file model_22.tsv (TSV, C-alpha atoms)
chain	number	residue	atom	x	y	z
D	1	MET	CA	-26.19	-57.10	-27.29
D	2	ALA	CA	-23.69	-59.49	-26.04
D	3	ARG	CA	-20.95	-57.25	-27.30
D	4	ASN	CA	-22.18	-54.24	-25.35
D	5	LYS	CA	-22.10	-56.16	-22.16
D	6	ARG	CA	-18.39	-56.56	-22.44
D	7	ALA	CA	-16.43	-54.53	-19.87
D	8	ILE	CA	-15.44	-51.12	-21.21
D	9	PRO	CA	-11.66	-50.79	-21.13
D	10	GLU	CA	-10.44	-48.32	-18.51
D	11	ILE	CA	-9.30	-44.95	-19.82
D	12	ASN	CA	-5.59	-44.58	-19.50
D	13	ALA	CA	-5.04	-41.87	-16.92
D	14	GLY	CA	-1.29	-42.12	-16.93
D	15	SER	CA	-0.78	-38.75	-18.63
D	16	MET	CA	-3.22	-36.95	-16.39
D	17	ALA	CA	-0.39	-35.97	-14.07
D	18	ASP	CA	1.58	-34.55	-16.99
D	19	ILE	CA	-1.33	-32.40	-18.07
D	20	ALA	CA	-1.88	-31.17	-14.54
D	21	PHE	CA	1.80	-30.38	-14.16
D	22	LEU	CA	1.71	-28.42	-17.39
D	23	LEU	CA	-1.18	-26.32	-16.14
D	24	LEU	CA	0.47	-25.89	-12.77
D	25	ILE	CA	3.67	-24.59	-14.32
D	26	PHE	CA	1.72	-22.26	-16.56
D	27	TYR	CA	0.04	-20.72	-13.51
D	28	LEU	CA	3.29	-20.53	-11.61
D	29	VAL	CA	4.88	-18.55	-14.40
D	30	THR	CA	2.08	-16.19	-15.36
D	31	THR	CA	0.74	-15.20	-11.96
D	32	THR	CA	2.03	-13.29	-9.00
D	33	MET	CA	1.17	-13.68	-5.40
D	34	ASP	CA	2.06	-10.31	-3.93
D	35	THR	CA	-0.85	-8.64	-2.23
D	36	ASP	CA	-0.97	-4.92	-2.52
D	37	LYS	CA	-0.65	-3.00	0.64
D	38	GLY	CA	-0.01	0.61	1.34
D	39	ILE	CA	-0.95	3.79	3.14
D	40	ASN	CA	-4.30	5.09	2.00
D	41	ARG	CA	-4.57	8.83	1.54
D	42	LYS	CA	-7.00	11.27	0.06
D	43	LEU	CA	-5.88	14.13	-2.17
D	44	PRO	CA	-7.54	17.51	-2.02
D	45	PRO	CA	-9.56	18.35	-5.13
D	46	PHE	CA	-7.88	20.52	-7.68
D	47	ASP	CA	-9.34	23.96	-8.24
D	48	GLU	CA	-7.50	26.35	-10.48
D	49	GLU	CA	-9.42	29.58	-10.09
D	50	LEU	CA	-10.85	29.20	-6.65
D	51	VAL	CA	-8.03	30.38	-4.43
D	52	GLU	CA	-10.16	31.18	-1.44
D	53	ASP	CA	-8.57	32.30	1.76
D	54	PRO	CA	-8.08	29.35	4.03
D	55	PRO	CA	-10.00	29.65	7.27
D	56	PRO	CA	-7.78	31.15	9.95
D	57	ILE	CA	-6.25	28.59	12.29
D	58	LYS	CA	-4.53	29.58	15.47
D	59	GLU	CA	-0.80	29.05	15.42
D	60	ARG	CA	-0.98	26.78	18.45
D	61	ASN	CA	-3.30	24.41	16.63
D	62	ILE	CA	-0.87	23.77	13.82
D	63	PHE	CA	1.78	21.11	14.12
D	64	THR	CA	4.30	21.90	11.43
D	65	VAL	CA	6.45	19.16	10.04
D	66	LEU	CA	9.10	20.15	7.53
D	67	VAL	CA	11.28	17.70	5.65
D	68	ASN	CA	14.25	19.06	3.73
D	69	SER	CA	16.07	17.64	0.75
D	70	ASN	CA	18.52	15.81	3.02
D	71	ASP	CA	15.63	13.94	4.61
D	72	GLN	CA	15.98	15.84	7.86
D	73	LEU	CA	12.99	16.72	9.99
D	74	LEU	CA	12.09	20.06	11.49
D	75	VAL	CA	9.10	19.71	13.77
D	76	GLU	CA	7.70	22.79	15.51
D	77	ASP	CA	10.99	24.62	14.87
D	78	GLU	CA	12.96	21.83	16.41
D	79	TYR	CA	15.32	19.33	14.80
D	80	LEU	CA	13.92	15.86	15.37
D	81	GLN	CA	14.64	12.23	14.60
D	82	ILE	CA	12.00	10.20	12.80
D	83	SER	CA	11.73	7.87	15.80
D	84	GLU	CA	10.59	10.76	18.01
D	85	LEU	CA	7.97	12.07	15.62
D	86	ARG	CA	5.15	9.76	16.64
D	87	VAL	CA	5.28	10.65	20.32
D	88	LYS	CA	5.57	14.38	19.52
D	89	ALA	CA	2.54	14.23	17.25
D	90	MET	CA	0.54	12.30	19.84
D	91	GLU	CA	1.41	14.83	22.55
D	92	PHE	CA	0.31	17.61	20.25
D	93	VAL	CA	-3.06	16.14	19.28
D	94	ASP	CA	-3.75	14.92	22.79
D	95	ASN	CA	-2.74	18.19	24.46
D	96	ASN	CA	-6.27	19.37	25.39
D	97	GLY	CA	-5.32	23.03	25.86
D	98	ASP	CA	-8.86	24.34	26.34
D	99	GLY	CA	-9.95	21.49	28.58
D	100	SER	CA	-12.95	20.53	26.44
D	101	CYS	CA	-11.70	17.04	25.69
D	102	GLU	CA	-12.59	14.63	28.49
D	103	TYR	CA	-10.75	11.58	27.24
D	104	CYS	CA	-7.46	13.35	26.48
D	105	GLN	CA	-4.44	12.76	28.65
D	106	GLY	CA	-2.30	15.62	27.40
D	107	TYR	CA	-0.23	18.04	29.41
D	108	ASN	CA	-2.29	21.21	28.83
D	109	ILE	CA	0.66	23.06	27.38
D	110	SER	CA	-0.31	26.58	26.34
D	111	THR	CA	1.62	26.51	23.08
D	112	SER	CA	0.15	23.20	21.92
D	113	SER	CA	-3.27	22.34	20.49
D	114	ASP	CA	-6.67	23.27	21.99
D	115	ASN	CA	-8.35	19.91	21.40
D	116	PRO	CA	-8.08	17.00	18.95
D	117	ASP	CA	-10.82	18.43	16.77
D	118	LYS	CA	-8.92	21.67	16.21
D	119	ALA	CA	-5.47	20.18	15.91
D	120	VAL	CA	-4.09	20.14	12.38
D	121	VAL	CA	-0.88	18.49	11.30
D	122	SER	CA	0.77	20.42	8.51
D	123	LEU	CA	3.32	18.58	6.43
D	124	GLN	CA	5.62	20.26	3.99
D	125	ASN	CA	8.47	18.66	2.13
D	126	ASP	CA	11.07	19.68	-0.37
D	127	ARG	CA	11.04	18.53	-3.97
D	128	GLY	CA	14.35	16.86	-3.18
D	129	THR	CA	13.00	14.81	-0.29
D	130	SER	CA	13.18	11.10	-1.00
D	131	TYR	CA	9.91	9.24	-1.40
D	132	GLY	CA	11.01	6.70	1.20
D	133	MET	CA	11.37	9.43	3.81
D	134	TYR	CA	8.05	10.96	2.84
D	135	VAL	CA	6.26	7.64	3.32
D	136	LYS	CA	8.02	7.19	6.65
D	137	VAL	CA	6.84	10.58	7.88
D	138	GLN	CA	3.30	9.90	6.64
D	139	ASN	CA	3.46	6.54	8.36
D	140	GLU	CA	4.48	8.06	11.70
D	141	LEU	CA	1.76	10.71	11.54
D	142	VAL	CA	-0.92	8.16	10.70
D	143	ALA	CA	0.46	5.89	13.41
D	144	ALA	CA	0.16	8.70	15.96
D	145	TYR	CA	-3.55	9.01	15.25
D	146	GLU	CA	-4.01	5.25	15.16
D	147	ASP	CA	-2.34	4.91	18.55
D	148	LEU	CA	-4.56	7.58	20.08
D	149	ARG	CA	-7.64	5.91	18.65
D	150	GLU	CA	-6.46	2.57	19.91
D	151	ARG	CA	-6.09	3.98	23.42
D	152	TYR	CA	-9.52	5.57	23.25
D	153	ALA	CA	-11.09	2.32	22.07
D	154	GLN	CA	-9.42	0.34	24.83
D	155	GLU	CA	-10.59	2.75	27.52
D	156	LYS	CA	-14.12	3.29	26.31
D	157	PHE	CA	-15.04	-0.05	24.77
D	158	GLY	CA	-12.37	-2.34	26.16
D	159	ARG	CA	-11.64	-3.54	22.66
D	160	SER	CA	-8.86	-3.16	20.18
D	161	TYR	CA	-9.47	-0.55	17.51
D	162	ARG	CA	-7.22	-2.21	15.01
D	163	SER	CA	-9.09	-5.50	15.14
D	164	MET	CA	-12.53	-4.00	14.66
D	165	ASP	CA	-14.58	-4.98	11.66
D	166	SER	CA	-15.54	-2.17	9.33
D	167	GLU	CA	-19.04	-3.57	8.82
D	168	GLU	CA	-20.03	-4.84	12.25
D	169	ASP	CA	-18.60	-2.02	14.33
D	170	LYS	CA	-19.49	0.81	12.01
D	171	GLU	CA	-20.98	3.01	14.72
D	172	ILE	CA	-18.17	2.44	17.19
D	173	LEU	CA	-15.56	3.16	14.54
D	174	LYS	CA	-17.38	6.33	13.60
D	175	GLU	CA	-17.31	7.51	17.19
D	176	ILE	CA	-13.63	6.73	17.60
D	177	LYS	CA	-12.77	8.53	14.41
D	178	LEU	CA	-14.78	11.51	15.56
D	179	ALA	CA	-12.93	11.55	18.88
D	180	TYR	CA	-9.59	11.84	17.10
D	181	PRO	CA	-10.26	13.16	13.60
D	182	GLN	CA	-7.26	12.72	11.37
D	183	LYS	CA	-6.34	16.13	10.02
D	184	ILE	CA	-3.16	16.00	8.04
D	185	SER	CA	-2.71	18.80	5.58
D	186	GLU	CA	-0.03	18.90	2.95
D	187	ALA	CA	1.43	22.14	1.68
D	188	GLU	CA	2.92	22.61	-1.76
D	189	PRO	CA	6.49	21.36	-1.61
D	190	LEU	CA	9.37	23.76	-1.46
D	191	ASN	CA	12.08	23.80	-4.07
D	192	ILE	CA	15.24	24.75	-2.29
D	193	GLY	CA	17.59	21.83	-2.47
D	194	GLY	CA	15.97	20.23	-5.50
R	1	MET	CA	13.67	-71.23	-1.69
R	2	ALA	CA	16.73	-69.22	-2.36
R	3	VAL	CA	16.07	-69.22	-6.05
R	4	ILE	CA	12.51	-67.97	-5.68
R	5	LYS	CA	13.56	-65.16	-3.36
R	6	LYS	CA	16.09	-63.86	-5.84
R	7	LYS	CA	13.44	-63.65	-8.53
R	8	LYS	CA	11.09	-61.65	-6.33
R	9	ASP	CA	13.81	-59.09	-5.46
R	10	LYS	CA	14.52	-58.40	-9.07
R	11	ALA	CA	10.96	-57.55	-10.06
R	12	LEU	CA	10.11	-54.66	-7.76
R	13	PRO	CA	6.44	-53.70	-7.96
R	14	ALA	CA	5.91	-50.27	-9.59
R	15	VAL	CA	5.17	-47.41	-7.19
R	16	ASN	CA	1.52	-46.60	-7.23
R	17	THR	CA	1.24	-43.16	-8.86
R	18	SER	CA	-2.50	-43.06	-9.27
R	19	ALA	CA	-2.77	-40.33	-6.62
R	20	LEU	CA	-0.20	-38.11	-8.32
R	21	PRO	CA	-2.70	-36.27	-10.54
R	22	ASP	CA	-4.81	-35.55	-7.48
R	23	ILE	CA	-1.87	-34.02	-5.66
R	24	VAL	CA	-0.87	-31.93	-8.65
R	25	PHE	CA	-4.43	-30.77	-9.22
R	26	MET	CA	-4.60	-29.75	-5.59
R	27	LEU	CA	-1.49	-27.62	-6.03
R	28	LEU	CA	-2.88	-26.24	-9.26
R	29	PHE	CA	-6.13	-25.13	-7.64
R	30	PHE	CA	-4.23	-23.57	-4.78
R	31	PHE	CA	-2.21	-21.46	-7.18
R	32	MET	CA	-5.24	-20.57	-9.25
R	33	VAL	CA	-7.03	-19.26	-6.19
R	34	ALA	CA	-4.15	-17.63	-4.35
R	35	THR	CA	-2.50	-15.76	-7.17
R	36	VAL	CA	-3.44	-13.16	-9.71
R	37	MET	CA	-2.36	-12.72	-13.29
R	38	ARG	CA	0.74	-10.68	-13.77
R	39	GLU	CA	-0.52	-7.60	-15.50
R	40	VAL	CA	2.40	-5.49	-16.48
R	41	ASP	CA	5.98	-5.90	-17.37
R	42	LEU	CA	7.91	-3.67	-15.01
R	43	LYS	CA	10.29	-1.41	-16.87
R	44	VAL	CA	11.34	0.59	-13.86
R	45	THR	CA	12.97	-0.65	-10.69
R	46	VAL	CA	10.61	-0.38	-7.78
R	47	ASN	CA	12.01	-0.92	-4.34
R	48	LYS	CA	8.98	-0.11	-2.25
R	49	PRO	CA	9.31	1.97	0.92
R	50	GLN	CA	8.49	0.46	4.26
R	51	ALA	CA	5.63	1.40	6.52
R	52	THR	CA	3.69	-0.12	9.40
R	53	GLU	CA	0.29	1.56	9.08
R	54	ILE	CA	-0.60	-0.18	5.87
R	55	GLN	CA	-3.94	-1.35	4.63
R	56	LYS	CA	-4.69	-4.06	2.17
R	57	LEU	CA	-6.20	-3.09	-1.14
R	58	GLU	CA	-9.24	-5.31	-1.13
R	59	ARG	CA	-10.64	-5.29	-4.63
R	60	LYS	CA	-8.08	-5.58	-7.35
R	61	SER	CA	-10.52	-4.43	-10.01
R	62	LEU	CA	-10.75	-1.02	-8.39
R	63	VAL	CA	-7.04	-0.40	-8.31
R	64	THR	CA	-5.04	1.32	-11.01
R	65	TYR	CA	-1.29	1.40	-10.77
R	66	ILE	CA	1.23	4.10	-11.50
R	67	TYR	CA	4.85	3.08	-11.35
R	68	ALA	CA	7.76	5.43	-10.82
R	69	GLY	CA	11.43	4.71	-10.59
R	70	ALA	CA	14.69	4.59	-12.46
R	71	PRO	CA	14.50	2.61	-15.74
R	72	ARG	CA	15.86	-0.92	-15.62
R	73	VAL	CA	19.38	-1.53	-16.86
R	74	LYS	CA	18.31	-2.79	-20.29
R	75	TYR	CA	16.29	0.36	-20.94
R	76	GLN	CA	18.89	2.76	-19.66
R	77	ASP	CA	20.57	3.37	-23.05
R	78	LYS	CA	17.32	4.65	-24.40
R	79	PHE	CA	15.66	6.32	-21.45
R	80	GLY	CA	18.52	7.31	-19.20
R	81	ARG	CA	18.81	6.76	-15.50
R	82	SER	CA	16.64	9.46	-14.04
R	83	PRO	CA	13.35	8.24	-12.55
R	84	ARG	CA	10.44	7.95	-14.92
R	85	VAL	CA	6.76	7.15	-14.82
R	86	GLN	CA	5.40	3.90	-16.18
R	87	LEU	CA	1.75	3.40	-17.04
R	88	ASN	CA	0.61	-0.05	-18.14
R	89	ASP	CA	3.44	-1.48	-20.20
R	90	ALA	CA	5.16	1.66	-21.39
R	91	PHE	CA	7.12	4.62	-20.17
R	92	ALA	CA	4.97	7.70	-20.03
R	93	SER	CA	5.27	11.40	-19.49
R	94	LEU	CA	3.39	13.33	-16.85
R	95	ASP	CA	0.93	14.60	-19.45
R	96	ASP	CA	-0.15	11.04	-20.19
R	97	ILE	CA	-1.45	10.51	-16.67
R	98	GLN	CA	-4.71	12.41	-17.05
R	99	PRO	CA	-5.88	10.62	-20.22
R	100	PHE	CA	-4.78	7.34	-18.66
R	101	VAL	CA	-6.88	7.90	-15.56
R	102	ILE	CA	-9.89	8.97	-17.61
R	103	GLN	CA	-9.55	5.94	-19.83
R	104	GLU	CA	-9.27	3.61	-16.84
R	105	ARG	CA	-12.28	5.21	-15.25
R	106	GLU	CA	-14.38	4.73	-18.36
R	107	GLN	CA	-13.69	1.03	-18.33
R	108	LYS	CA	-15.21	0.66	-14.91
R	109	SER	CA	-18.88	0.67	-14.03
R	110	GLU	CA	-20.30	3.86	-12.60
R	111	GLU	CA	-20.34	2.85	-8.96
R	112	ASP	CA	-16.89	1.35	-9.25
R	113	ALA	CA	-15.49	4.49	-10.86
R	114	ALA	CA	-16.22	6.46	-7.72
R	115	MET	CA	-14.31	3.92	-5.66
R	116	MET	CA	-11.30	3.83	-7.94
R	117	THR	CA	-8.01	3.87	-6.08
R	118	MET	CA	-4.74	4.94	-7.63
R	119	SER	CA	-1.86	2.96	-6.24
R	120	ILE	CA	1.45	4.76	-6.52
R	121	LYS	CA	4.22	2.21	-6.69
R	122	ALA	CA	7.37	4.22	-6.49
R	123	ASP	CA	10.93	3.46	-5.61
R	124	LYS	CA	11.95	4.82	-2.25
R	125	THR	CA	14.84	6.75	-3.74
R	126	VAL	CA	12.62	8.72	-6.11
R	127	LYS	CA	12.58	12.40	-5.25
R	128	MET	CA	9.34	13.93	-4.06
R	129	GLY	CA	9.37	16.37	-6.97
R	130	LEU	CA	8.26	13.64	-9.35
R	131	ILE	CA	5.71	12.23	-6.90
R	132	THR	CA	4.27	15.69	-6.34
R	133	ASP	CA	3.91	16.17	-10.08
R	134	ILE	CA	2.11	12.82	-10.33
R	135	LYS	CA	-0.16	13.80	-7.47
R	136	LEU	CA	-0.98	17.10	-9.14
R	137	GLN	CA	-1.95	15.28	-12.33
R	138	LEU	CA	-4.13	12.90	-10.34
R	139	ARG	CA	-5.84	15.81	-8.65
R	140	LYS	CA	-6.51	17.39	-12.03
R	141	ALA	CA	-7.98	14.09	-13.21
R	142	GLN	CA	-10.20	13.93	-10.12
R	143	ALA	CA	-8.61	10.68	-8.96
R	144	LEU	CA	-8.35	11.55	-5.31
R	145	LYS	CA	-8.16	8.19	-3.59
R	146	ILE	CA	-4.55	7.17	-3.60
R	147	ASN	CA	-2.43	4.56	-1.93
R	148	TYR	CA	1.28	4.75	-1.33
R	149	SER	CA	2.29	1.17	-1.96
R	150	SER	CA	4.66	-0.02	0.77
R	151	ASN	CA	5.90	-3.13	2.48
R	152	GLN	CA	5.55	-4.21	6.05
R	153	PRO	CA	9.07	-4.21	7.51
R	154	LYS	CA	10.23	-7.46	9.05
R	155	ASP	CA	11.97	-5.56	11.78
R	156	VAL	CA	10.14	-2.44	12.89
R	157	GLU	CA	13.24	-0.98	14.51
R	158	ALA	CA	14.94	-0.93	11.12
R	159	LEU	CA	12.47	1.77	10.08
R	160	TYR	CA	14.18	4.28	12.31
R	161	SER	CA	17.74	3.54	11.41
R	162	SER	CA	19.37	6.25	9.36
R	163	GLU	CA	20.25	4.08	6.36
R	164	ASN	CA	16.76	3.44	5.08
call {"tool": "encode", "arguments": {"input": "model_22.tsv", "output": "structure tokens"}}
result
Amino acid sequence: MARNKRAIPEINAGSMADIAFLLLIFYLVTTTMDTDKGINRKLPPFDEELVEDPPPIKERNIFTVLVNSNDQLLVEDEYLQISELRVKAMEFVDNNGDGSCEYCQGYNISTSSDNPDKAVVSLQNDRGTSYGMYVKVQNELVAAYEDLRERYAQEKFGRSYRSMDSEEDKEILKEIKLAYPQKISEAEPLNIGG
Amino acid sequence: MAVIKKKKDKALPAVNTSALPDIVFMLLFFFMVATVMREVDLKVTVNKPQATEIQKLERKSLVTYIYAGAPRVKYQDKFGRSPRVQLNDAFASLDDIQPFVIQEREQKSEEDAAMMTMSIKADKTVKMGLITDIKLQLRKAQALKINYSSNQPKDVEALYSSEN
């Protein structure tokens, strides 16, 4: 009994730091920190036999974007720089040709789209187009829609669209997305300058 | 007095390191939480394109990666310099994509399989021909949610310069 009452010697914790360092270095080496970010897209389903006729779309409702193998842009039969694409696309979607869109601020040009719901952006690239350019064009087209939605959100709700929470503001987001539905269609790539 | 002082100077008290393990453990936990295990050994060079409208991929378990780019220098004798596809740890052909997607899908639970996202990590110099072929294979495999992996540019203006 008397023996047990003796003070237990302290455990030597001197090597604790070494062990912790070892673990730390292991984690530093085997893990990565990069978060994955990117442009989300949806692919159309693949159907081999079903080559149904696409529903007719009026020429004025199609915004054609062509990218050739030299990474040059042809937008609505016009040579364009990538920096001008966003504004062009916004003007097209926001045109409000038939006057049915109350929140649009477009110029009512007769050769541009009827309303945002009918407007379709058609993107076609060459097999020789670089992936970097393709992502840039996609980015500008998505940005055009995002900017329009942002403006709509600011005017109607006085809030920023980009900062909205996908859970809390589900209904609002739905309405905004319905106001400017993102319609980007991709055609089979050409093979000219492959 | 002088003698005593000299003695004291010589025997410096040891620095108290009892808090060192705590500090290191703190760092360790930070790294354990903030990082993820490196999954694959990249065999192709991937210099991601830049974009501003990017979204974060929230759940890592739902994401499957497809890499595309020119083989790294040490693999160039064997595989050449033209861009290739990499799945998991090995070079793959386009025909391998469909079985790969199906296999990945089977490993996930049913509700997760519907949410599966394919992240295309491709070098920005890769030609669209290869990317289009990958996309066609993904469509055939019914993997329709894709993500073009890109970086946020530090300088947005640089996006529009002709070099990039």
call {"tool": "residues_around", "arguments": {"input": "model_22.tsv", "residues": "Pro83 in chain R", "least_positions_apart": "4", "cutoff": "7 Å", "atoms": "only C-alpha atoms", "output": "ChimeraX atom specification"}}
result
/R:68-71,126
call {"tool": "interface_residues", "arguments": {"input": "model_22.tsv", "of": "chain R", "to": "chain D", "cutoff": "7 Å", "atoms": "only C-alpha atoms", "output": "PyMOL selection string"}}
result
chain R and resi 20-21+24-25+28+31-32+34-38+49+51-57+124-129+139-140+142+144-151+160
call {"tool": "write_last_selection", "arguments": {"input": "model_22.tsv", "atoms": "C-alpha atoms", "output": "PDB file, in the frame of the given file"}}
result
ATOM      1  CA  LEU R  20      -0.200 -38.110  -8.320  1.00  0.00           C
ATOM      2  CA  PRO R  21      -2.700 -36.270 -10.540  1.00  0.00           C
ATOM      3  CA  VAL R  24      -0.870 -31.930  -8.650  1.00  0.00           C
ATOM      4  CA  PHE R  25      -4.430 -30.770  -9.220  1.00  0.00           C
ATOM      5  CA  LEU R  28      -2.880 -26.240  -9.260  1.00  0.00           C
ATOM      6  CA  PHE R  31      -2.210 -21.460  -7.180  1.00  0.00           C
ATOM      7  CA  MET R  32      -5.240 -20.570  -9.250  1.00  0.00           C
ATOM      8  CA  ALA R  34      -4.150 -17.630  -4.350  1.00  0.00           C
ATOM      9  CA  THR R  35      -2.500 -15.760  -7.170  1.00  0.00           C
ATOM     10  CA  VAL R  36      -3.440 -13.160  -9.710  1.00  0.00           C
ATOM     11  CA  MET R  37      -2.360 -12.720 -13.290  1.00  0.00           C
ATOM     12  CA  ARG R  38       0.740 -10.680 -13.770  1.00  0.00           C
ATOM     13  CA  PRO R  49       9.310   1.970   0.920  1.00  0.00           C
ATOM     14  CA  ALA R  51       5.630   1.400   6.520  1.00  0.00           C
ATOM     15  CA  THR R  52       3.690  -0.120   9.400  1.00  0.00           C
ATOM     16  CA  GLU R  53       0.290   1.560   9.080  1.00  0.00           C
ATOM     17  CA  ILE R  54      -0.600  -0.180   5.870  1.00  0.00           C
ATOM     18  CA  GLN R  55      -3.940  -1.350   4.630  1.00  0.00           C
ATOM     19  CA  LYS R  56      -4.690  -4.060   2.170  1.00  0.00           C
ATOM     20  CA  LEU R  57      -6.200  -3.090  -1.140  1.00  0.00           C
ATOM     21  CA  LYS R 124      11.950   4.820  -2.250  1.00  0.00           C
ATOM     22  CA  THR R 125      14.840   6.750  -3.740  1.00  0.00           C
ATOM     23  CA  VAL R 126      12.620   8.720  -6.110  1.00  0.00           C
ATOM     24  CA  LYS R 127      12.580  12.400  -5.250  1.00  0.00           C
ATOM     25  CA  MET R 128       9.340  13.930  -4.060  1.00  0.00           C
ATOM     26  CA  GLY R 129       9.370  16.370  -6.970  1.00  0.00           C
ATOM     27  CA  ARG R 139      -5.840  15.810  -8.650  1.00  0.00           C
ATOM     28  CA  LYS R 140      -6.510  17.390 -12.030  1.00  0.00           C
ATOM     29  CA  GLN R 142     -10.200  13.930 -10.120  1.00  0.00           C
ATOM     30  CA  LEU R 144      -8.350  11.550  -5.310  1.00  0.00           C
ATOM     31  CA  LYS R 145      -8.160   8.190  -3.590  1.00  0.00           C
ATOM     32  CA  ILE R 146      -4.550   7.170  -3.600  1.00  0.00           C
ATOM     33  CA  ASN R 147      -2.430   4.560  -1.930  1.00  0.00           C
ATOM     34  CA  TYR R 148       1.280   4.750  -1.330  1.00  0.00           C
ATOM     35  CA  SER R 149       2.290   1.170  -1.960  1.00  0.00           C
ATOM     36  CA  SER R 150       4.660  -0.020   0.770  1.00  0.00           C
ATOM     37  CA  ASN R 151       5.900  -3.130   2.480  1.00  0.00           C
ATOM     38  CA  TYR R 160      14.180   4.280  12.310  1.00  0.00           C
TER      39      TYR R 160
END
call {"tool": "atom_distance", "arguments": {"input": "model_22.tsv", "atom1": "CA of Ile120 in chain R", "atom2": "CA of Pro153 in chain R"}}
result
18.3 Å
call {"tool": "residues_around", "arguments": {"input": "model_22.tsv", "residues": "Asp94 in chain D", "least_positions_apart": "5", "cutoff": "7 Å", "atoms": "all atoms listed in the file", "output": "ChimeraX atom specification"}}
result
/D:104-106,115-116
call {"tool": "atom_distance", "arguments": {"input": "model_22.tsv", "atom1": "CA of Ser166 in chain D", "atom2": "CA of Gln182 in chain D"}}
result
17.2 Å
call {"tool": "atom_distance", "arguments": {"input": "model_22.tsv", "atom1": "CA of Ile97 in chain R", "atom2": "CA of Thr64 in chain R"}}
result
11.4 Å
call {"tool": "closest_residue", "arguments": {"input": "model_22.tsv", "among": "R:Asp123, R:Asp133, R:Asp155, R:Glu111", "to": "Leu62 in chain R", "atoms": "only C-alpha atoms"}}
result
R:Glu111
call {"tool": "closest_residue", "arguments": {"input": "model_22.tsv", "among": "D:Leu178, D:Leu74, D:Ile184, D:Ala7", "to": "Ala119 in chain D", "atoms": "only C-alpha atoms"}}
result
D:Ile184
call {"tool": "build_atoms", "arguments": {"input": "model_22.tsv", "residues": "range 8-19 of chain D", "atoms": "N, CA and C atoms", "output": "short mmCIF file (atom, residue, chain, number, x, y, z; two decimals), in the coordinates of the input"}}
result
data_model
loop_
_atom_site.label_atom_id
_atom_site.label_comp_id
_atom_site.auth_asym_id
_atom_site.auth_seq_id
_atom_site.Cartn_x
_atom_site.Cartn_y
_atom_site.Cartn_z
N ILE D 8 -16.08 -52.22 -20.47
CA ILE D 8 -15.44 -51.12 -21.21
C ILE D 8 -14.02 -50.98 -20.71
N PRO D 9 -13.04 -50.90 -21.61
CA PRO D 9 -11.66 -50.79 -21.13
C PRO D 9 -11.45 -49.47 -20.39
N GLU D 10 -10.68 -49.51 -19.34
CA GLU D 10 -10.44 -48.32 -18.51
C GLU D 10 -9.67 -47.26 -19.32
N ILE D 11 -10.01 -46.01 -19.12
CA ILE D 11 -9.30 -44.95 -19.82
C ILE D 11 -7.91 -44.80 -19.19
N ASN D 12 -6.95 -44.70 -20.01
CA ASN D 12 -5.59 -44.58 -19.50
C ASN D 12 -5.37 -43.19 -18.91
N ALA D 13 -5.20 -43.16 -17.60
CA ALA D 13 -5.04 -41.87 -16.92
C ALA D 13 -3.58 -41.57 -16.61
N GLY D 14 -2.70 -42.28 -17.23
CA GLY D 14 -1.29 -42.12 -16.93
C GLY D 14 -0.77 -40.73 -17.23
N SER D 15 -1.30 -40.07 -18.27
CA SER D 15 -0.78 -38.75 -18.63
C SER D 15 -1.52 -37.62 -17.95
N MET D 16 -2.47 -37.98 -17.12
CA MET D 16 -3.22 -36.95 -16.39
C MET D 16 -2.27 -36.08 -15.58
N ALA D 17 -1.34 -36.72 -14.90
CA ALA D 17 -0.39 -35.97 -14.07
C ALA D 17 0.41 -35.00 -14.92
N ASP D 18 0.79 -35.42 -16.10
CA ASP D 18 1.58 -34.55 -16.99
C ASP D 18 0.78 -33.31 -17.36
N ILE D 19 -0.48 -33.54 -17.69
CA ILE D 19 -1.33 -32.40 -18.07
C ILE D 19 -1.47 -31.44 -16.89
#
